[in-house]
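The structure under discussion appears below in the form of structure tokens.
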Amino acid sequence: MAGEIKVSFSGTMEDWKSGEKYVYSPEEYLQAVREGHLVDDIIYPSDGHAALYEYVSENYGESDEAYFVYASCLYDGIGCERNLSEAVRLFEMLAAQDVMQAQYRIGFCYYYGRGVSKDYAKAVEYFRLAAAQNHIRAQCYLGYCYEKGLGTAEDIDLAAHWYLQAAERGEPTAQNNIALLYKLGKGVPKDLSKTEYWYRLAAYQGNARGQNNLGDCYYYGYGVAQDYAQAIPWYEKAAGQGYTDAEYNLGYCYKNGKGVAVDCKKAAYWYRLAAEKGDASAQNSLGELYYYGKGVEVDYAEAALWYERAAKQDNAAAAYNIGYCYEFGKGVSKDVNKAFEWYQKGADLGNGSALCSLAKCFKNGIGVLKDGARAVELYQEAAEAGNAKAMDDLGDLYYYGTIVAQDYEEAARWYKKGADADYAWSQYNIGYCFKYGKGVRENAANAFYWFEKAANNGNKNGQCELGNCYYYGNGTQQNYSRAYYWYEKSANQGYASAQNMLAECYYYGDGVSQNLQTAVYWYEKAAHQNNANAQNNLGYCYKHGKGVTQDFVKARYWYGQAANQGQKNAQNNLGELYYYGEGVGVDYATAYAWYLKAAEQGLKSAQYNVGFCLQHGKGVAKNPTRAVYWYQKAAEQNHASAQEALGGCYENGVGVTKNYNLAFEWYQKAKQNGSNSAGDKVARFLDNRCPHCGSFYSIYEKRGIFGSSYVCSYCGKKRY
């Protein structure tokens, strides 16, 4: 009903649970005061203010209650011009006459400095008087003064005593306060069930703080079973009343899917409400949504604006975030000096990421002179304080030998510390150390263990490496399906190496149905991120028309992109395009140059090609001796064509002294590695072997006038 005003009933707990009283006239208002209702709860209809003031100004001499209401009208300017000094004078006069409401009100004036100078000691004096007469708000304020040591010695036991007095008579602020003491075990035994009980009573009164706190009970499991979904309705009730903490809490729940489905648009809505009221945590969180484009469009300028607002309120995470924006020019003009200042502030406020970034500033001279010793000192300070990122950063320093002597063992030690602290990058890094034996003994099973940890923590590098473990059977049983699963996870995070391997799965049908078009899609994704292996693979697809229309020009482009990054297979492949004139004019010299680059990196097929060019003078002057050198390199890696070519050199004395035994050996190895033509040569050698000493026919000497006999030059015996 319009104009109806609910008055809190200050009786017993049972009275509080059921009592309701509404006032419609000055007479009823004054009667409510006489009955002990608190003036602060009586919100008289604004269109009746003049009538109320007129009534009490004419009748204040009839009773202390009327006098008090008259003073209250002067205090609040109800129906008259506000007059704080006169109101305070009257409150003090009535307080001296033991009027409970006046004792509370003058205590309130001294507490906040309303009409008098702020004086907590005098406030406590008056609150004690009113509290002794069971004024529930005076009891609550008195409890707070004892809790915080305002105007009196700090005494948590007395704080709990007065909070309980007021809470049991329905005062919601006291209920919230005593609930917190039960949660902390201060002044009362720790009892989370009582924490939940008192928050619930406050919440049932419609108290926004109590509703939010009851939501916290469900969220964290204080006195009830943890249940995120049960927390949401209470947060919503409090947020519906504009309670800032609840607005932030709802934003957090929607962002992280706690009790509700993830909905970053709703998260942004609730964060914004709290942020616009000045809540620093909400401002920082809203900034993060804008930075990463969650629930809102990516807007670095808007992100920086909210970060800076929060940072100026000493929000440590925001200080780090705005420092990052200034360092990299995200939403603000790049300014390394400001970046350094904000990192310093964040570090001073205890933010580990800011401390790490501050160390990085000293390491690299960002906004400050380089100071390697100071950088290491800061990294160690953060690491020893338990910051896992700092542990990982220290590991990097030792791994790469940056500003400290390279020491893989020390690197592995710090990576392990970070990994044990559940830092995903450290888990990946220690896994890498175990994979390659850097600072620890090589151990594929341990590498798999840590890659799996990192992968489950969402680290894209770890996911890719875990995929590799499954793909190649390193540290675990080979499983293409699991490899595909982790490659896809990593690839969807944009990791180029995983995108290339995911393409491989589609290309060969490993762990997924073969699909060359999809393979090309992922090769392109990775290639456009400058992944050399993917560029080479994409070039191969274009050269051979795998999943795309054959296009030698595009093949040359992608091979070239990879070759210029030093990818040896691409260098050899590019050489072949020039050698055979595919997508480009025949150019043996350029072909030889690319073959040589790949050969020098140990690629056996390129080593064979270099040998061939040198033997036959393709793009380079003939040089049989150097040809043999490169054939030998490739042959030792079991390249069948190189082994056969090397056999030919020994048989014919090309670049080496003739040696039929060595020729036979290389032909035989080439045959074993699948060369059919080498098999024919092996058969030819065996058919013409000396039956006496085992030498080959080529070294027999023809004797006799008619050449009818052959004598072995080794053993001197006739062949037949």
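So you can find residues: chains in the structure tokens are A, B, ... in the order shown, residues in each start at 1, and ligands are numbered from 1 in order.
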> Would you give me, as a ChimeraX atom specification, the residues in segment 446-602 of chain A that DSSP reads as alpha helix (DSSP H)?
Replying inline: /A:446-456,460-472,480-491,496-508,516-527,532-544,552-563,568-580,588-600
Produce a file of the selected residues containing C-alpha atoms, as a JSON list (two decimals), in the first residue's frame.
[["chain", "number", "residue", "atom", "x", "y", "z"],
["A", 446, "ASN", "CA", 58.40, -38.73, -16.22],
["A", 447, "ALA", "CA", 58.10, -36.45, -19.24],
["A", 448, "PHE", "CA", 54.70, -37.97, -20.01],
["A", 449, "TYR", "CA", 53.59, -37.48, -16.38],
["A", 450, "TRP", "CA", 54.37, -33.77, -16.37],
["A", 451, "PHE", "CA", 53.09, -33.11, -19.87],
["A", 452, "GLU", "CA", 49.81, -34.67, -18.77],
["A", 453, "LYS", "CA", 49.69, -32.38, -15.73],
["A", 454, "ALA", "CA", 50.31, -29.32, -17.88],
["A", 455, "ALA", "CA", 47.78, -30.47, -20.47],
["A", 456, "ASN", "CA", 45.06, -30.96, -17.88],
["A", 460, "LYS", "CA", 48.67, -25.65, -25.02],
["A", 461, "ASN", "CA", 52.35, -26.63, -25.23],
["A", 462, "GLY", "CA", 51.78, -29.40, -22.74],
["A", 463, "GLN", "CA", 48.74, -30.59, -24.67],
["A", 464, "CYS", "CA", 50.76, -30.78, -27.88],
["A", 465, "GLU", "CA", 53.63, -32.62, -26.18],
["A", 466, "LEU", "CA", 51.19, -35.04, -24.59],
["A", 467, "GLY", "CA", 49.79, -35.63, -28.07],
["A", 468, "ASN", "CA", 53.33, -36.37, -29.25],
["A", 469, "CYS", "CA", 53.78, -38.89, -26.42],
["A", 470, "TYR", "CA", 50.68, -40.75, -27.55],
["A", 471, "TYR", "CA", 51.49, -40.39, -31.24],
["A", 472, "TYR", "CA", 55.00, -41.79, -31.00],
["A", 480, "TYR", "CA", 46.58, -42.24, -32.13],
["A", 481, "SER", "CA", 43.09, -41.47, -30.86],
["A", 482, "ARG", "CA", 44.45, -39.91, -27.66],
["A", 483, "ALA", "CA", 47.11, -38.10, -29.68],
["A", 484, "TYR", "CA", 44.40, -36.64, -31.91],
["A", 485, "TYR", "CA", 42.36, -35.60, -28.85],
["A", 486, "TRP", "CA", 45.21, -33.58, -27.32],
["A", 487, "TYR", "CA", 46.41, -32.15, -30.62],
["A", 488, "GLU", "CA", 42.91, -30.82, -31.22],
["A", 489, "LYS", "CA", 42.77, -29.28, -27.74],
["A", 490, "SER", "CA", 46.05, -27.48, -28.32],
["A", 491, "ALA", "CA", 45.29, -26.56, -31.92],
["A", 496, "ALA", "CA", 50.88, -23.87, -34.45],
["A", 497, "SER", "CA", 52.87, -27.05, -33.71],
["A", 498, "ALA", "CA", 49.69, -28.80, -32.61],
["A", 499, "GLN", "CA", 47.84, -27.52, -35.68],
["A", 500, "ASN", "CA", 50.53, -29.06, -37.87],
["A", 501, "MET", "CA", 50.33, -32.39, -36.03],
["A", 502, "LEU", "CA", 46.54, -32.36, -36.12],
["A", 503, "ALA", "CA", 46.84, -31.92, -39.88],
["A", 504, "GLU", "CA", 49.17, -34.92, -39.96],
["A", 505, "CYS", "CA", 46.50, -36.99, -38.20],
["A", 506, "TYR", "CA", 43.96, -36.02, -40.85],
["A", 507, "TYR", "CA", 46.48, -36.55, -43.66],
["A", 508, "TYR", "CA", 47.36, -40.11, -42.64],
["A", 516, "LEU", "CA", 43.06, -34.45, -46.90],
["A", 517, "GLN", "CA", 40.99, -31.26, -47.20],
["A", 518, "THR", "CA", 40.83, -30.91, -43.41],
["A", 519, "ALA", "CA", 44.55, -31.67, -43.25],
["A", 520, "VAL", "CA", 45.21, -28.78, -45.61],
["A", 521, "TYR", "CA", 42.94, -26.53, -43.49],
["A", 522, "TRP", "CA", 45.08, -27.14, -40.39],
["A", 523, "TYR", "CA", 48.37, -26.98, -42.33],
["A", 524, "GLU", "CA", 47.30, -23.53, -43.52],
["A", 525, "LYS", "CA", 46.39, -22.44, -39.98],
["A", 526, "ALA", "CA", 49.85, -23.34, -38.76],
["A", 527, "ALA", "CA", 51.63, -22.12, -41.89],
["A", 532, "ALA", "CA", 58.05, -24.04, -40.89],
["A", 533, "ASN", "CA", 57.03, -27.71, -40.73],
["A", 534, "ALA", "CA", 53.47, -26.83, -41.70],
["A", 535, "GLN", "CA", 54.70, -24.58, -44.52],
["A", 536, "ASN", "CA", 56.76, -27.45, -45.89],
["A", 537, "ASN", "CA", 53.80, -29.83, -45.58],
["A", 538, "LEU", "CA", 51.49, -27.37, -47.26],
["A", 539, "GLY", "CA", 54.01, -26.99, -50.07],
["A", 540, "TYR", "CA", 54.01, -30.77, -50.46],
["A", 541, "CYS", "CA", 50.20, -30.83, -50.70],
["A", 542, "TYR", "CA", 50.26, -28.21, -53.46],
["A", 543, "LYS", "CA", 53.05, -29.96, -55.34],
["A", 544, "HIS", "CA", 51.29, -33.32, -55.33],
["A", 552, "PHE", "CA", 53.59, -25.75, -58.35],
["A", 553, "VAL", "CA", 53.72, -21.98, -57.88],
["A", 554, "LYS", "CA", 52.02, -22.22, -54.49],
["A", 555, "ALA", "CA", 54.20, -25.21, -53.66],
["A", 556, "ARG", "CA", 57.29, -23.10, -54.41],
["A", 557, "TYR", "CA", 55.92, -20.24, -52.27],
["A", 558, "TRP", "CA", 55.34, -22.40, -49.20],
["A", 559, "TYR", "CA", 58.54, -24.39, -49.62],
["A", 560, "GLY", "CA", 60.32, -21.05, -49.87],
["A", 561, "GLN", "CA", 58.72, -19.73, -46.67],
["A", 562, "ALA", "CA", 59.87, -22.79, -44.76],
["A", 563, "ALA", "CA", 63.28, -22.98, -46.46],
["A", 568, "LYS", "CA", 65.85, -28.68, -44.19],
["A", 569, "ASN", "CA", 63.15, -30.77, -45.86],
["A", 570, "ALA", "CA", 61.71, -27.63, -47.44],
["A", 571, "GLN", "CA", 65.18, -26.61, -48.64],
["A", 572, "ASN", "CA", 65.62, -29.95, -50.35],
["A", 573, "ASN", "CA", 62.08, -29.86, -51.76],
["A", 574, "LEU", "CA", 62.62, -26.35, -53.09],
["A", 575, "GLY", "CA", 65.83, -27.54, -54.69],
["A", 576, "GLU", "CA", 63.92, -30.27, -56.49],
["A", 577, "LEU", "CA", 61.44, -27.76, -57.93],
["A", 578, "TYR", "CA", 64.35, -25.79, -59.40],
["A", 579, "TYR", "CA", 66.08, -28.96, -60.59],
["A", 580, "TYR", "CA", 63.05, -30.26, -62.51],
["A", 588, "TYR", "CA", 70.48, -26.32, -61.51],
["A", 589, "ALA", "CA", 72.62, -23.75, -59.70],
["A", 590, "THR", "CA", 69.76, -22.64, -57.46],
["A", 591, "ALA", "CA", 68.73, -26.25, -56.98],
["A", 592, "TYR", "CA", 72.28, -27.14, -55.89],
["A", 593, "ALA", "CA", 72.40, -24.17, -53.49],
["A", 594, "TRP", "CA", 69.23, -25.34, -51.70],
["A", 595, "TYR", "CA", 70.34, -28.98, -51.70],
["A", 596, "LEU", "CA", 73.60, -27.93, -50.07],
["A", 597, "LYS", "CA", 71.83, -25.98, -47.30],
["A", 598, "ALA", "CA", 69.77, -29.02, -46.42],
["A", 599, "ALA", "CA", 72.72, -31.40, -46.76],
["A", 600, "GLU", "CA", 74.76, -29.36, -44.32]]
> Can you tell me, as a VMD selection string, what residues are no more than 6 Å from Trp414 of chain A when counting only C-alpha atoms, ignoring any on the same chain fewer than 2 positions away?
Replying inline: chain A and resid 391 395 411 to 412 416 to 417
Write the selection just made, keeping N, CA, C and O atoms, as a PDB file, in the first residue's frame?
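So the final result, stored in selection_37.pdb, reads:
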ATOM      1  N   MET A 391      59.084 -18.908  -9.890  1.00  0.00           N
ATOM      2  CA  MET A 391      59.874 -20.140  -9.924  1.00  0.00           C
ATOM      3  C   MET A 391      60.160 -20.527 -11.371  1.00  0.00           C
ATOM      4  O   MET A 391      61.282 -20.910 -11.724  1.00  0.00           O
ATOM      5  N   GLY A 395      63.680 -20.640 -13.455  1.00  0.00           N
ATOM      6  CA  GLY A 395      64.074 -21.798 -14.250  1.00  0.00           C
ATOM      7  C   GLY A 395      64.526 -21.384 -15.635  1.00  0.00           C
ATOM      8  O   GLY A 395      65.546 -21.864 -16.145  1.00  0.00           O
ATOM      9  N   ALA A 411      67.973 -25.060 -13.366  1.00  0.00           N
ATOM     10  CA  ALA A 411      66.738 -24.766 -14.102  1.00  0.00           C
ATOM     11  C   ALA A 411      65.687 -25.815 -13.779  1.00  0.00           C
ATOM     12  O   ALA A 411      64.537 -25.488 -13.456  1.00  0.00           O
ATOM     13  N   ALA A 412      66.089 -27.074 -13.853  1.00  0.00           N
ATOM     14  CA  ALA A 412      65.151 -28.165 -13.584  1.00  0.00           C
ATOM     15  C   ALA A 412      64.638 -28.102 -12.145  1.00  0.00           C
ATOM     16  O   ALA A 412      63.459 -28.400 -11.878  1.00  0.00           O
ATOM     17  N   LYS A 416      60.755 -27.713 -11.314  1.00  0.00           N
ATOM     18  CA  LYS A 416      60.084 -28.724 -10.485  1.00  0.00           C
ATOM     19  C   LYS A 416      59.313 -28.062  -9.353  1.00  0.00           C
ATOM     20  O   LYS A 416      58.187 -28.474  -9.015  1.00  0.00           O
ATOM     21  N   LYS A 417      59.892 -27.012  -8.757  1.00  0.00           N
ATOM     22  CA  LYS A 417      59.188 -26.293  -7.689  1.00  0.00           C
ATOM     23  C   LYS A 417      57.900 -25.672  -8.233  1.00  0.00           C
ATOM     24  O   LYS A 417      56.834 -25.757  -7.606  1.00  0.00           O
TER      25      LYS A 417
END
> Do you know which residues are at most 8 Å from Thr625 of chain A counting only C-alpha atoms, after dropping those on the same chain fewer than 6 positions away, and could you put them as a PyMOL selection string?
Replying inline: chain A and resi 654-656
Proximity of segment 637-673 of chain A to segment 683-695 of chain A: per-residue shortest pair, 12 Å limit, only C-alpha atoms, as a tab-separated table:
residue	atom	partner	partner_atom	distance
A:Gly647	CA	A:Phe685	CA	11.6
A:Glu651	CA	A:Phe685	CA	10.4
A:Asn659	CA	A:Ser695	CA	10.7
A:Tyr660	CA	A:Ser695	CA	8.2
A:Asn661	CA	A:Ser695	CA	7.8
A:Leu662	CA	A:Ser695	CA	11.5
A:Ala663	CA	A:Phe685	CA	9.4
A:Phe664	CA	A:Phe685	CA	7.0
A:Glu665	CA	A:Phe685	CA	10.5
A:Trp666	CA	A:Phe685	CA	11.9
A:Tyr667	CA	A:Phe685	CA	9.5
A:Gln668	CA	A:Ala683	CA	9.4
A:Lys671	CA	A:Ala683	CA	10.3
> Suppose you want the space between atom CA of Gly223 of chain A and atom CA of Arg137 of chain A; what is it in Å?
Replying inline: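 Value for the atom CA of Gly223 of chain A-atom CA of Arg137 of chain A distance: 26.6 Å.
When only C-alpha atoms are used to compute distances to Phe434 of chain A, the closest of the residues A:Gly602, A:Asn474, A:Asn673, A:Glu377 turns out to be A:Asn474.
Each of A:Lys237, A:Lys194, A:Lys294, A:Lys681 was checked against Asp263 of chain A using only C-alpha atoms; the smallest atom-to-atom distance is that of A:Lys294.
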Using only C-alpha atoms, which residues of segment 306-332 of chain A come within 12 Å of segment 363-371 of chain A, and what is the closest atom pair for each, with the distance in Å to one decimal? Give it as JSON lines, sorted by chain and residue number.
{"residue": "A:Gly323", "atom": "CA", "partner": "A:Gly367", "partner_atom": "CA", "distance": 11.0}
{"residue": "A:Tyr324", "atom": "CA", "partner": "A:Ile366", "partner_atom": "CA", "distance": 11.6}
{"residue": "A:Tyr326", "atom": "CA", "partner": "A:Gly367", "partner_atom": "CA", "distance": 10.6}
{"residue": "A:Glu327", "atom": "CA", "partner": "A:Ile366", "partner_atom": "CA", "distance": 8.2}
{"residue": "A:Phe328", "atom": "CA", "partner": "A:Ile366", "partner_atom": "CA", "distance": 11.0}
I need the residues from that last selection saved to file as a PDB file, in the first residue's frame (with N, CA and C atoms), if you can.
ATOM      1  N   GLY A 323      49.944  -2.004 -15.748  1.00  0.00           N
ATOM      2  CA  GLY A 323      51.370  -1.969 -16.075  1.00  0.00           C
ATOM      3  C   GLY A 323      51.645  -2.707 -17.370  1.00  0.00           C
ATOM      4  N   TYR A 324      51.015  -3.862 -17.532  1.00  0.00           N
ATOM      5  CA  TYR A 324      51.166  -4.652 -18.753  1.00  0.00           C
ATOM      6  C   TYR A 324      50.664  -3.863 -19.961  1.00  0.00           C
ATOM      7  N   TYR A 326      50.566  -0.634 -20.332  1.00  0.00           N
ATOM      8  CA  TYR A 326      51.533   0.414 -20.656  1.00  0.00           C
ATOM      9  C   TYR A 326      52.807  -0.163 -21.272  1.00  0.00           C
ATOM     10  N   GLU A 327      53.211  -1.332 -20.822  1.00  0.00           N
ATOM     11  CA  GLU A 327      54.436  -1.921 -21.379  1.00  0.00           C
ATOM     12  C   GLU A 327      54.272  -2.248 -22.856  1.00  0.00           C
ATOM     13  N   PHE A 328      53.091  -2.765 -23.228  1.00  0.00           N
ATOM     14  CA  PHE A 328      52.901  -3.228 -24.599  1.00  0.00           C
ATOM     15  C   PHE A 328      51.973  -2.336 -25.424  1.00  0.00           C
TER      16      PHE A 328
END
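Between atom CA of Trp234 of chain A and atom CA of Leu214 of chain A lies a distance of 6.6 Å.
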>> Can you tell me which residues surround segment 111-125 of chain A at a distance of at most 8 Å, considering only C-alpha atoms, apart from same-chain residues fewer than 6 positions away, and format the answer as JSON, numbers by chain?
In response: {"A": [84, 85, 88, 142, 145, 150, 151, 152]}
>> Using only C-alpha atoms, can you tell me which of A:Ile136, A:Ala304, A:Val628, A:Val39 comes closest to Gly653 of chain A?
In response: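 Among the listed residues, the smallest separation from Gly653 of chain A belongs to A:Val628.
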Contacts of Ser426 of chain A at 7 Å or less, counting only C-alpha atoms, minus same-chain residues fewer than 3 places along, as a compact mmCIF listing (two decimals) with C-alpha atoms, in the first residue's frame?
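Final output, part29.txt:
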# COMPACT_ATOMS: atom_id res chain seq x y z
CA ASP A 392 59.30 -20.78 -13.60
CA TYR A 415 60.83 -25.84 -12.84
CA LYS A 416 60.08 -28.72 -10.48
CA GLY A 418 56.81 -24.44 -9.98
CA ALA A 419 55.37 -27.70 -11.24
CA TYR A 423 51.94 -23.96 -12.40
CA ASN A 429 59.07 -27.17 -18.77
CA ILE A 430 60.06 -29.93 -16.37
